[in-house]
Amino acid sequence: MKVHTMESTVVQPRIEESWKKALGDEFQKPYFAALKEFLVKEQAEQTVYPPGGKIFAAFNHTPFDKVKVVLIGQDPYHGPGQANGLCFSVSPGVKSPPSLVNIFKEVRSDVQAEVGNTSGDLTRWADQGVLLINATLTVRASSPASHQGKGWEQFTDQVIRLLSEKRSGLVFLLWGRPAQLKEKLIDTSKHFVLKSVHPSPLSAYNGFFGCKHFSHTNKILLDQGLTPIDWNLP
């Protein structure tokens with residue numbers, strides 16, 4: 001039953017219609033077929049996060065034509081019940097990991113928003129146009145980076161490339177070196193890129209705290225006549 005769930009999710013992705021149209025035949029390419037084969041085998045033998053129905057959650061909450069901001073993470077969380085398909089976000093009722101705790105500290109300091117008091121679920125941000133995407137969309141339980149190099153990076157690179165080509169005025173938040181390597185995919189002549197160190201406890205005090213990316217993002221949106229993001233998480 002597990003195999004069927006993963007296979008059906010990958011062969012016929014539960015992905016929002018505008019993304020399905022934008023991505024075209026990406027799901028039919030050889031690399032994605034190999035990725036699908038890997039995932040089916042992996043889930044048959046291991047616990048994989050997030051659950052199959054949430055792998056494409058970032059796309060389902062933030063349609064292609066509604067994206068305003070792109071936040072790029074690396075891997076889903078690899079602990080039980082944590083990953084919900086949105087980068088840095090955790091499912092309701094799950095304790096916020098250290099990087100998310102630091103993100104909330106910066107949000108409170110920067111825009112005085114109420115965040116993280118009861119939940120680390122960032123779905124409300126996603127529903128307002130913040131594409132919360134990891135470079136790798138799945139991971140083996142308790143094994144960070146275990147699904148890197150299997151094909152997801154090629155898929156998410158194409159996502160970023162399409163957003164760069166077909167949209168304009170987006171704000172890309174690149175936190176940490178892995179995310180910043182994606183800058184080469186972004187046309188910086190028509191998009192905005194804000195860079196910082198990663199919010200992890202190892203680096204947050206070296207430039208993440210005080211980066212003010214949340215207020216800068218809203219200023220960029222307002223300057224374009226767009227509705228800013230309400231960063232509060234009631």
# chains A, B, ... in the order shown; residues from 1 in each chain; ligands from 1
>>> closest_atom_pairs(of="segment 181-209 of chain A", to="segment 88-105 of chain A", cutoff="7 Å", atoms="only C-alpha atoms", output="CSV")
residue,atom,partner,partner_atom,distance
A:Pro199,CA,A:Ser99,CA,5.1
A:Ser200,CA,A:Ser99,CA,4.4
A:Pro201,CA,A:Ser99,CA,6.6
>>> select_by_dssp(residues="segment 72-106 of chain A", states="alpha helix (DSSP H)", output="list in words")
Pro98, Ser99, Leu100, Val101, Asn102, Ile103, Phe104, Lys105 and Glu106 of chain A
>>> atom_distance(atom1="atom CA of Pro144 of chain A", atom2="atom CA of Phe32 of chain A")
21.1 Å
>>> closest_atom_pairs(of="segment 180-233 of chain A", to="segment 112-126 of chain A", cutoff="7 Å", atoms="only C-alpha atoms", output="Markdown table")
| residue | atom | partner | partner_atom | distance |
| --- | --- | --- | --- | --- |
| A:Trp231 | CA | A:Ala113 | CA | 6.1 |
| A:Asn232 | CA | A:Ala113 | CA | 5.0 |
| A:Leu233 | CA | A:Val115 | CA | 5.0 |
>>> closest_atom_pairs(of="segment 112-165 of chain A", to="segment 68-83 of chain A", cutoff="7 Å", atoms="only C-alpha atoms", output="tab-separated table")
residue	atom	partner	partner_atom	distance
A:Gly129	CA	A:Lys68	CA	5.1
A:Val130	CA	A:Val69	CA	4.6
A:Leu131	CA	A:Val70	CA	4.8
A:Leu132	CA	A:Leu71	CA	5.1
A:Ile133	CA	A:Ile72	CA	5.2
A:Asn134	CA	A:Gly73	CA	4.3
A:Ala135	CA	A:Gln74	CA	4.9
A:Thr136	CA	A:Asp75	CA	5.2
A:Leu137	CA	A:Pro76	CA	6.4
A:Thr138	CA	A:Pro76	CA	6.1
A:Val139	CA	A:Pro76	CA	6.3
A:Arg140	CA	A:His78	CA	6.6
A:Ala141	CA	A:His78	CA	4.9
A:Ser142	CA	A:His78	CA	5.1
A:Ser143	CA	A:His78	CA	6.5
A:Pro144	CA	A:His78	CA	6.3
A:Ala145	CA	A:Asp75	CA	6.5
>>> select_by_dssp(residues="segment 51-149 of chain A", states="strand (DSSP E or B)", output="list in words")
Val69, Val70, Leu71, Ile72, Gly73, Ala83, Val90, Val130, Leu131, Leu132, Ile133, Asn134, Val139, Arg140 and Ser143 of chain A
>>> atom_distance(atom1="atom CA of Val171 of chain A", atom2="atom CA of Leu194 of chain A")
7.3 Å
>>> residues_around(residues="segment 23-29 of chain A", least_positions_apart="2", cutoff="10 Å", atoms="only C-alpha atoms", output="ChimeraX atom specification")
/A:10-13,17-21,31-36,64,154-155,158-159,162
>>> closest_residue(among="A:Glu106, A:Asp127, A:Glu42, A:Glu37", to="Phe214 of chain A", atoms="only C-alpha atoms")
A:Glu106
